[in-house]
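Colleague: My structure is stored as coords38.tsv, with TSV, C-alpha atoms.
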chain	number	residue	atom	x	y	z
A	1	MET	CA	109.01	85.32	129.84
A	2	ALA	CA	105.38	84.28	129.42
A	3	ASN	CA	102.84	86.61	127.90
A	4	THR	CA	99.50	84.83	128.11
A	5	GLN	CA	96.63	86.51	126.29
A	6	SER	CA	92.97	86.19	127.30
A	7	ARG	CA	89.71	87.96	126.57
A	8	PRO	CA	89.89	91.75	126.57
A	9	ALA	CA	89.59	93.31	130.01
A	10	THR	CA	86.88	95.69	128.83
A	11	ASP	CA	83.11	95.74	128.48
A	12	THR	CA	83.28	96.91	124.86
A	13	VAL	CA	84.61	94.67	122.11
A	14	VAL	CA	86.33	96.55	119.30
A	15	GLY	CA	87.04	94.48	116.22
A	16	ARG	CA	88.33	95.49	112.85
A	17	LEU	CA	88.18	94.84	109.14
A	18	ALA	CA	91.65	95.34	107.71
A	19	PRO	CA	91.91	94.51	104.00
A	20	THR	CA	95.06	95.09	101.96
A	21	PRO	CA	94.28	96.76	98.60
A	22	SER	CA	97.00	95.11	96.53
A	23	ALA	CA	94.20	93.46	94.53
A	24	GLY	CA	90.50	92.83	94.86
A	25	ILE	CA	89.22	90.57	97.64
A	26	HIS	CA	88.40	86.92	96.94
A	27	VAL	CA	86.26	84.40	98.81
A	28	GLY	CA	88.99	83.72	101.38
A	29	ASN	CA	89.25	87.43	102.25
A	30	ILE	CA	85.45	87.65	102.32
A	31	PHE	CA	85.26	84.79	104.82
A	32	SER	CA	87.86	86.45	107.02
A	33	CYS	CA	85.99	89.78	106.96
A	34	LEU	CA	82.68	88.03	107.59
A	35	VAL	CA	83.91	86.17	110.67
A	36	ALA	CA	85.65	89.27	112.03
A	37	TRP	CA	82.40	91.21	111.62
A	38	LEU	CA	80.29	88.43	113.16
A	39	ALA	CA	82.57	88.04	116.19
A	40	ALA	CA	82.36	91.72	117.04
A	41	ARG	CA	78.65	92.12	116.34
A	42	ALA	CA	77.72	88.93	118.24
A	43	ALA	CA	79.50	90.39	121.29
A	44	GLY	CA	77.63	93.68	120.92
A	45	GLY	CA	80.85	95.37	119.89
A	46	ARG	CA	82.07	97.88	117.36
A	47	VAL	CA	83.68	97.19	113.99
A	48	LEU	CA	86.32	99.57	112.63
A	49	LEU	CA	87.56	99.68	109.06
A	50	ARG	CA	91.25	100.11	108.28
A	51	ILE	CA	92.83	100.01	104.84
A	52	GLU	CA	96.23	98.37	105.22
A	53	ASP	CA	98.06	100.16	102.41
A	54	VAL	CA	101.33	100.76	104.27
A	55	ASP	CA	103.17	99.29	101.27
A	56	LYS	CA	101.87	102.06	99.04
A	57	PRO	CA	103.66	101.02	95.81
A	58	ARG	CA	101.69	97.73	95.83
A	59	CYS	CA	98.30	99.30	96.60
A	60	LYS	CA	95.96	101.03	94.15
A	61	GLN	CA	92.94	103.28	94.57
A	62	GLU	CA	90.90	101.08	92.23
A	63	PHE	CA	91.33	98.18	94.63
A	64	ILE	CA	90.35	100.34	97.61
A	65	ASP	CA	87.21	101.44	95.78
A	66	GLY	CA	86.38	97.84	94.92
A	67	ILE	CA	86.89	96.62	98.48
A	68	LEU	CA	84.61	99.35	99.86
A	69	ARG	CA	81.93	98.39	97.33
A	70	ASP	CA	82.25	94.69	98.15
A	71	LEU	CA	81.98	95.24	101.91
A	72	ASP	CA	78.92	97.40	101.36
A	73	THR	CA	77.37	94.78	99.08
A	74	LEU	CA	77.93	92.09	101.73
A	75	GLY	CA	76.34	94.21	104.44
A	76	LEU	CA	79.57	94.35	106.46
A	77	THR	CA	79.15	97.80	107.95
A	78	TRP	CA	81.71	99.67	110.02
A	79	ASP	CA	81.44	102.23	112.80
A	80	ASN	CA	84.25	104.72	112.13
A	81	ALA	CA	83.20	107.66	109.99
A	82	ASP	CA	86.83	108.31	109.08
A	83	ILE	CA	88.43	105.20	107.63
A	84	MET	CA	92.01	104.69	108.78
A	85	TYR	CA	94.55	104.50	105.93
A	86	GLN	CA	98.01	103.23	106.84
A	87	SER	CA	99.53	105.24	103.99
A	88	MET	CA	98.60	108.41	105.91
A	89	ARG	CA	100.08	107.33	109.24
A	90	SER	CA	103.81	107.66	108.77
A	91	GLY	CA	104.02	110.10	111.69
A	92	ALA	CA	102.54	107.57	114.11
A	93	TYR	CA	104.92	104.87	112.86
A	94	ASP	CA	107.87	107.27	113.12
A	95	ALA	CA	106.98	107.96	116.75
A	96	ALA	CA	106.77	104.26	117.62
A	97	PHE	CA	110.03	103.60	115.79
A	98	GLU	CA	111.79	106.37	117.72
A	99	LYS	CA	110.46	105.00	120.99
A	100	LEU	CA	111.85	101.56	120.17
A	101	GLN	CA	115.18	103.12	119.23
A	102	GLY	CA	115.22	104.81	122.63
A	103	LEU	CA	114.71	101.42	124.25
A	104	GLY	CA	117.77	100.11	122.43
A	105	VAL	CA	115.92	97.19	120.82
A	106	LEU	CA	116.48	98.09	117.16
A	107	TYR	CA	119.56	97.66	115.00
A	108	PRO	CA	120.38	98.28	111.32
A	109	CYS	CA	120.59	95.30	108.98
A	110	PHE	CA	122.51	95.55	105.70
A	111	CYS	CA	121.80	92.01	104.44
A	112	SER	CA	120.59	91.61	100.87
A	113	ARG	CA	117.98	89.03	99.91
A	114	ALA	CA	120.78	86.78	98.69
A	115	ASP	CA	122.63	87.20	102.00
A	116	LEU	CA	119.51	86.26	103.92
A	117	HIS	CA	118.93	83.13	101.87
A	118	VAL	CA	122.49	81.91	102.36
A	119	ALA	CA	122.95	82.82	106.02
A	120	SER	CA	119.52	82.33	107.59
A	121	ALA	CA	119.07	79.21	109.69
A	122	PRO	CA	117.59	77.04	110.98
A	123	HIS	CA	114.69	76.39	108.64
A	124	VAL	CA	111.34	76.57	110.41
A	125	GLY	CA	108.26	75.64	108.41
A	126	GLU	CA	108.26	77.80	105.27
A	127	HIS	CA	110.33	80.55	106.84
A	128	TYR	CA	113.98	81.14	107.55
A	129	VAL	CA	115.01	82.42	110.94
A	130	TYR	CA	117.37	85.37	110.64
A	131	ALA	CA	120.86	84.30	111.67
A	132	GLY	CA	121.72	87.60	113.38
A	133	THR	CA	124.41	88.54	110.87
A	134	CYS	CA	124.19	92.27	111.64
A	135	ARG	CA	123.13	91.98	115.28
A	136	GLU	CA	126.50	92.80	116.84
A	137	LEU	CA	128.06	95.18	114.34
A	138	SER	CA	130.27	97.83	115.87
A	139	ALA	CA	129.60	101.54	115.45
A	140	ASP	CA	132.46	101.76	112.96
A	141	GLU	CA	131.16	98.84	110.91
A	142	ILE	CA	127.69	100.38	110.83
A	143	ALA	CA	129.08	103.75	109.70
A	144	GLN	CA	131.09	102.12	106.91
A	145	ARG	CA	128.14	100.09	105.64
A	146	MET	CA	125.84	103.10	105.81
A	147	GLN	CA	128.01	104.69	103.11
A	148	ARG	CA	127.27	101.81	100.74
A	149	ARG	CA	123.57	101.11	101.29
A	150	SER	CA	120.56	102.06	103.39
A	151	PRO	CA	119.77	99.48	106.05
A	152	ALA	CA	116.58	97.83	107.17
A	153	TYR	CA	115.95	97.90	110.91
A	154	ARG	CA	115.28	94.78	112.94
A	155	LEU	CA	113.79	94.23	116.37
A	156	ARG	CA	116.17	92.45	118.73
A	157	VAL	CA	114.01	89.68	120.23
A	158	PRO	CA	114.75	87.76	123.45
A	159	ASP	CA	115.19	84.01	123.83
A	160	ASP	CA	111.76	83.77	125.45
A	161	VAL	CA	108.48	82.03	124.80
A	162	VAL	CA	105.38	84.15	124.16
A	163	ARG	CA	102.04	82.41	124.60
A	164	ILE	CA	98.60	83.35	123.39
A	165	ALA	CA	95.20	81.73	123.90
A	166	ASP	CA	93.52	81.63	120.50
A	167	GLU	CA	89.72	81.43	120.57
A	168	ILE	CA	89.62	79.00	117.62
A	169	GLN	CA	93.00	77.25	117.44
A	170	GLY	CA	93.62	76.96	121.19
A	171	ALA	CA	96.91	77.56	122.99
A	172	TYR	CA	99.78	78.71	120.79
A	173	SER	CA	103.33	79.58	121.75
A	174	GLN	CA	106.46	80.71	120.00
A	175	ASN	CA	110.06	81.03	121.06
A	176	LEU	CA	110.89	84.39	119.52
A	177	ALA	CA	114.61	83.79	119.11
A	178	GLY	CA	114.39	80.18	117.95
A	179	GLU	CA	111.25	80.21	115.81
A	180	CYS	CA	111.05	83.78	114.60
A	181	GLY	CA	114.37	85.56	114.95
A	182	ASP	CA	114.95	89.30	114.85
A	183	TYR	CA	112.35	90.62	112.43
A	184	VAL	CA	112.25	93.70	110.24
A	185	LEU	CA	110.23	96.72	111.41
A	186	ARG	CA	111.38	99.13	108.72
A	187	ARG	CA	112.60	98.13	105.29
A	188	SER	CA	115.65	99.61	103.60
A	189	ASP	CA	113.36	101.72	101.39
A	190	GLY	CA	111.85	103.32	104.49
A	191	ILE	CA	108.52	101.47	104.37
A	192	TYR	CA	107.37	100.20	107.76
A	193	SER	CA	106.53	96.54	108.15
A	194	TYR	CA	103.11	95.01	108.62
A	195	GLN	CA	104.16	93.99	112.13
A	196	LEU	CA	104.83	97.54	113.30
A	197	ALA	CA	101.94	99.15	111.45
A	198	VAL	CA	99.20	96.86	112.75
A	199	VAL	CA	100.42	97.05	116.35
A	200	VAL	CA	100.50	100.86	116.27
A	201	ASP	CA	97.11	101.00	114.51
A	202	ASP	CA	95.41	98.57	116.89
A	203	LEU	CA	96.64	100.63	119.82
A	204	GLU	CA	95.45	103.87	118.21
A	205	GLN	CA	92.00	102.50	117.38
A	206	GLY	CA	91.55	100.67	120.68
A	207	VAL	CA	91.16	97.33	118.90
A	208	ASN	CA	90.94	94.45	121.38
A	209	GLN	CA	89.61	91.68	119.14
A	210	VAL	CA	91.68	90.46	116.18
A	211	VAL	CA	90.04	87.90	113.89
A	212	ARG	CA	92.02	86.93	110.80
A	213	GLY	CA	93.35	84.01	108.76
A	214	LEU	CA	95.30	81.12	110.21
A	215	ASP	CA	98.31	82.08	108.08
A	216	LEU	CA	98.83	85.01	110.46
A	217	LEU	CA	98.77	82.98	113.68
A	218	GLU	CA	102.57	82.96	113.87
A	219	CYS	CA	102.50	86.78	113.84
A	220	ALA	CA	100.43	86.96	117.03
A	221	PRO	CA	103.25	86.29	119.55
A	222	GLN	CA	105.53	88.68	117.65
A	223	GLN	CA	102.92	91.42	117.67
A	224	SER	CA	102.02	90.72	121.29
A	225	TYR	CA	105.66	91.20	122.29
A	226	LEU	CA	106.00	94.37	120.20
A	227	ARG	CA	102.75	95.73	121.63
A	228	GLY	CA	104.15	95.30	125.14
A	229	LEU	CA	107.26	97.29	124.23
A	230	ILE	CA	105.35	100.17	122.67
A	231	SER	CA	102.55	100.33	125.24
A	232	PRO	CA	103.22	98.20	128.35
A	233	ASP	CA	99.88	99.13	129.95
A	234	ALA	CA	97.72	98.36	126.92
A	235	LYS	CA	94.73	96.05	127.36
A	236	GLU	CA	95.05	92.49	126.15
A	237	ILE	CA	93.82	91.38	122.75
A	238	GLU	CA	91.42	88.54	122.00
A	239	TYR	CA	92.86	86.55	119.09
A	240	ALA	CA	90.92	84.23	116.81
A	241	HIS	CA	92.60	82.75	113.74
A	242	ILE	CA	90.14	81.24	111.32
A	243	PRO	CA	90.67	78.27	108.99
A	244	MET	CA	92.09	78.92	105.56
A	245	ILE	CA	89.89	78.62	102.49
A	246	VAL	CA	91.52	76.35	99.89
A	247	ASP	CA	90.52	75.02	96.50
A	248	SER	CA	89.77	71.38	95.68
A	249	ASN	CA	93.51	70.71	95.27
A	250	GLY	CA	94.27	72.05	98.73
A	251	ARG	CA	95.83	75.22	97.32
A	252	ARG	CA	95.31	78.41	99.27
A	253	LEU	CA	93.23	80.92	97.36
A	254	ALA	CA	95.13	83.94	96.10
A	255	LYS	CA	94.15	87.39	94.89
A	256	ARG	CA	95.02	86.31	91.38
A	257	ASP	CA	92.02	83.93	91.48
A	258	ARG	CA	89.63	86.37	89.82
A	259	ASP	CA	86.93	83.69	89.49
A	260	MET	CA	86.74	83.81	93.28
A	261	SER	CA	86.07	87.56	93.37
A	262	LEU	CA	82.71	88.79	94.65
A	263	PRO	CA	81.42	90.03	91.26
A	264	ALA	CA	82.25	86.65	89.68
A	265	ILE	CA	80.68	84.77	92.58
A	266	LEU	CA	77.48	86.80	92.42
A	267	GLU	CA	77.15	85.95	88.73
A	268	HIS	CA	76.77	82.36	89.95
A	269	PHE	CA	74.64	82.88	93.07
A	270	LYS	CA	72.58	85.81	91.75
A	271	THR	CA	71.91	87.22	95.24
A	272	VAL	CA	74.17	88.19	98.13
A	273	GLU	CA	71.99	86.24	100.55
A	274	ALA	CA	72.35	83.04	98.53
A	275	PHE	CA	76.13	83.42	98.50
A	276	ILE	CA	76.42	84.22	102.22
A	277	GLY	CA	74.14	81.28	103.01
A	278	TYR	CA	76.25	78.87	100.96
A	279	LEU	CA	79.51	80.24	102.40
A	280	ALA	CA	78.11	79.90	105.92
A	281	TYR	CA	76.94	76.34	105.24
A	282	THR	CA	80.25	75.32	103.64
A	283	THR	CA	82.29	76.71	106.54
A	284	GLY	CA	80.03	75.46	109.33
A	285	LEU	CA	78.56	78.79	110.38
A	286	GLN	CA	75.05	77.49	109.72
A	287	PRO	CA	73.75	73.89	109.48
A	288	VAL	CA	71.77	74.22	106.24
A	289	ASN	CA	72.36	75.74	102.82
A	290	GLU	CA	69.79	78.49	102.71
A	291	PRO	CA	69.99	82.22	101.94
A	292	THR	CA	70.85	84.44	104.87
A	293	SER	CA	72.49	87.74	105.75
A	294	ALA	CA	75.48	88.68	107.87
A	295	GLU	CA	73.11	90.33	110.33
A	296	ASP	CA	71.11	87.11	110.78
A	297	LEU	CA	74.26	85.01	111.15
A	298	ALA	CA	75.43	87.26	113.98
A	299	LYS	CA	72.47	86.14	116.09
A	300	SER	CA	73.86	82.61	116.42
A	301	PHE	CA	77.59	83.11	115.87
A	302	SER	CA	80.07	81.36	118.16
A	303	TYR	CA	83.76	80.62	117.84
A	304	ASP	CA	82.82	77.02	118.64
A	305	LEU	CA	81.43	76.66	115.12
A	306	LEU	CA	85.03	76.89	113.80
A	307	LYS	CA	86.86	75.28	116.70
A	308	ARG	CA	90.15	73.59	115.75
A	309	LYS	CA	89.45	73.79	112.03
A	310	THR	CA	92.49	74.68	109.94
A	311	ARG	CA	91.31	74.32	106.32
A	312	ILE	CA	87.99	74.48	104.51
A	313	VAL	CA	87.63	73.46	100.87
A	314	TRP	CA	85.69	75.92	98.71
A	315	ARG	CA	83.73	74.57	95.78
A	316	LEU	CA	80.99	76.29	93.86
A	317	PRO	CA	77.79	74.22	93.75
A	318	ASP	CA	76.95	72.74	90.36
A	319	SER	CA	73.90	74.96	90.13
A	320	GLN	CA	72.32	77.67	92.23
As structure tokens, what does this structure read like?

Modeller:
Amino acid sequence: MANTQSRPATDTVVGRLAPTPSAGIHVGNIFSCLVAWLAARAAGGRVLLRIEDVDKPRCKQEFIDGILRDLDTLGLTWDNADIMYQSMRSGAYDAAFEKLQGLGVLYPCFCSRADLHVASAPHVGEHYVYAGTCRELSADEIAQRMQRRSPAYRLRVPDDVVRIADEIQGAYSQNLAGECGDYVLRRSDGIYSYQLAVVVDDLEQGVNQVVRGLDLLECAPQQSYLRGLISPDAKEIEYAHIPMIVDSNGRRLAKRDRDMSLPAILEHFKTVEAFIGYLAYTTGLQPVNEPTSAEDLAKSFSYDLLKRKTRIVWRLPDSQ
């Protein structure tokens, strides 16, 4: 089964900013938000803000407050008066989950982390493909295991290839069974997965342009397939996965890198415009290192400026 994605079949582009408040945002997150904002604004579209706090135990209000301040400081405005919070959307996720159960594509999984490490195969990249240990359990076996522990629930994926056309990285395909395996939609503690939450939220908000980091490219075919199950008539999504920001050692920036936070960066650059200008110059969004704003960058933004790039090294200039 081929599922080829193209540009949204609509006159209005709807993009989104979707930070996760498990810590403050660093320069890599800022770049992702900036490009997502530019892509939507350059197309004359709308930008919606969503706080992806579905994993509520990991998310804190102080981080939400900081993210909102940082976006405001950067001039990355949004168009929804009511910000969407995943932590308040359990009813919508329940409804999607029940629909998938009705389709017969979910099954309970009782595997522990240790079980998964031992049994999962083959190894693909940095991820293990679930071996299907619980895929064919009988009703009796499920009932017996339910008495001992609460299960996670996995999506039963087909042995099919899903293809997307990424605006930056080009054509990308994934065999769901061979390269992904049946993936979790609800954890054993009842928390819904990122995969389910973002698909349901994008459908609810009418999002048709998804711009995010290259580390999430492998999620696109999985989410495209899930989107088709939940809403077969939904419009197609325009995907664009941007290069990852890494340090001088090639290490991906992490939220623990507090020296890469916006307040720390602005101590160096002094003004937001100087920082945005340097970030744009470093990443190829503008040809010279001069102060600018997100609004001015939107006037000349094109995906072609990032075409086929996978990594960009971030270094602070010696002086600013």

Colleague: What's the separation between atom CA of A:Pro291 and atom CA of A:Ile276, in Å to one decimal place?

Modeller: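 Here the two named atoms are 6.7 Å from each other.
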
Colleague: So, with all atoms listed in the file as the atoms that count, which of A:Arg163, A:Lys235, A:Lys99, A:Arg50 lies closest to A:Trp78?

Modeller: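 When distances to A:Trp78 are compared using all atoms listed in the file, the smallest one comes from A:Arg50.
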
Colleague: Hey, can you check how far atom CA of A:Ile30 sits from atom CA of A:Ile191?

Modeller: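 Calculated distance between atom CA of A:Ile30 and atom CA of A:Ile191 is 27.0 Å.
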
Colleague: Would you mind reading off the distance between atom CA of A:Glu204 and atom CA of A:Asp233, one decimal, in Å?

Modeller: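 Answer for the atom CA of A:Glu204 to atom CA of A:Asp233 separation: 13.4 Å.
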
Colleague: Please determine, counting all atoms listed in the file, which residue among A:Arg186, A:Arg69, A:His26, A:Lys299 has the shortest atom-to-atom distance to A:Ala96.

Modeller: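 The shortest atom-to-atom distance to A:Ala96 comes from A:Arg186.
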
Colleague: Give me stretch 227-294 of chain A from this structure - C-alpha atoms, as a CSV table (one decimal), in the first residue's frame.

Modeller:
chain,number,residue,atom,x,y,z
A,227,ARG,CA,-4.1,9.5,10.4
A,228,GLY,CA,-5.7,7.5,7.6
A,229,LEU,CA,-7.2,5.0,10.0
A,230,ILE,CA,-8.7,7.7,12.3
A,231,SER,CA,-9.9,10.0,9.5
A,232,PRO,CA,-9.7,8.4,6.0
A,233,ASP,CA,-11.0,11.6,4.3
A,234,ALA,CA,-8.6,14.0,6.0
A,235,LYS,CA,-6.6,16.4,3.8
A,236,GLU,CA,-2.9,15.5,3.1
A,237,ILE,CA,-0.1,17.1,5.2
A,238,GLU,CA,2.9,18.9,3.9
A,239,TYR,CA,5.9,17.6,5.7
A,240,ALA,CA,9.3,19.4,6.1
A,241,HIS,CA,12.0,18.0,8.4
A,242,ILE,CA,14.7,20.4,9.1
A,243,PRO,CA,18.4,19.7,9.7
A,244,MET,CA,19.5,19.0,13.3
A,245,ILE,CA,21.5,21.6,15.2
A,246,VAL,CA,24.6,20.0,16.7
A,247,ASP,CA,27.6,21.2,18.7
A,248,SER,CA,31.2,21.3,17.4
A,249,ASN,CA,31.6,17.7,18.4
A,250,GLY,CA,28.6,16.6,16.3
A,251,ARG,CA,26.5,16.0,19.4
A,252,ARG,CA,22.8,16.8,19.1
A,253,LEU,CA,21.8,19.7,21.4
A,254,ALA,CA,19.7,18.6,24.4
A,255,LYS,CA,17.5,20.5,26.9
A,256,ARG,CA,20.1,20.0,29.5
A,257,ASP,CA,22.4,22.4,27.6
A,258,ARG,CA,21.4,25.5,29.5
A,259,ASP,CA,24.1,27.6,27.9
A,260,MET,CA,22.1,27.2,24.7
A,261,SER,CA,18.9,28.6,26.3
A,262,LEU,CA,17.5,31.9,24.9
A,263,PRO,CA,18.3,33.9,28.1
A,264,ALA,CA,21.9,32.7,28.0
A,265,ILE,CA,22.2,33.3,24.3
A,266,LEU,CA,20.8,36.9,24.6
A,267,GLU,CA,23.5,37.6,27.2
A,268,HIS,CA,25.9,37.1,24.4
A,269,PHE,CA,24.1,38.7,21.5
A,270,LYS,CA,22.5,41.5,23.5
A,271,THR,CA,19.5,41.9,21.1
A,272,VAL,CA,17.0,39.4,19.6
A,273,GLU,CA,17.6,40.7,16.1
A,274,ALA,CA,21.4,40.1,16.4
A,275,PHE,CA,20.7,36.5,17.5
A,276,ILE,CA,18.1,35.8,14.8
A,277,GLY,CA,20.4,37.2,12.2
A,278,TYR,CA,23.3,35.1,13.3
A,279,LEU,CA,21.1,31.9,13.5
A,280,ALA,CA,19.7,32.7,10.1
A,281,TYR,CA,23.2,33.2,8.6
A,282,THR,CA,24.6,30.0,10.3
A,283,THR,CA,21.8,27.9,9.0
A,284,GLY,CA,21.6,29.3,5.5
A,285,LEU,CA,18.4,31.3,5.9
A,286,GLN,CA,20.1,34.5,5.0
A,287,PRO,CA,23.4,35.1,3.1
A,288,VAL,CA,25.0,37.6,5.5
A,289,ASN,CA,25.4,37.9,9.3
A,290,GLU,CA,23.3,40.9,10.1
A,291,PRO,CA,20.5,41.6,12.5
A,292,THR,CA,17.1,40.8,11.4
A,293,SER,CA,13.6,39.7,12.6
A,294,ALA,CA,11.5,36.7,12.0
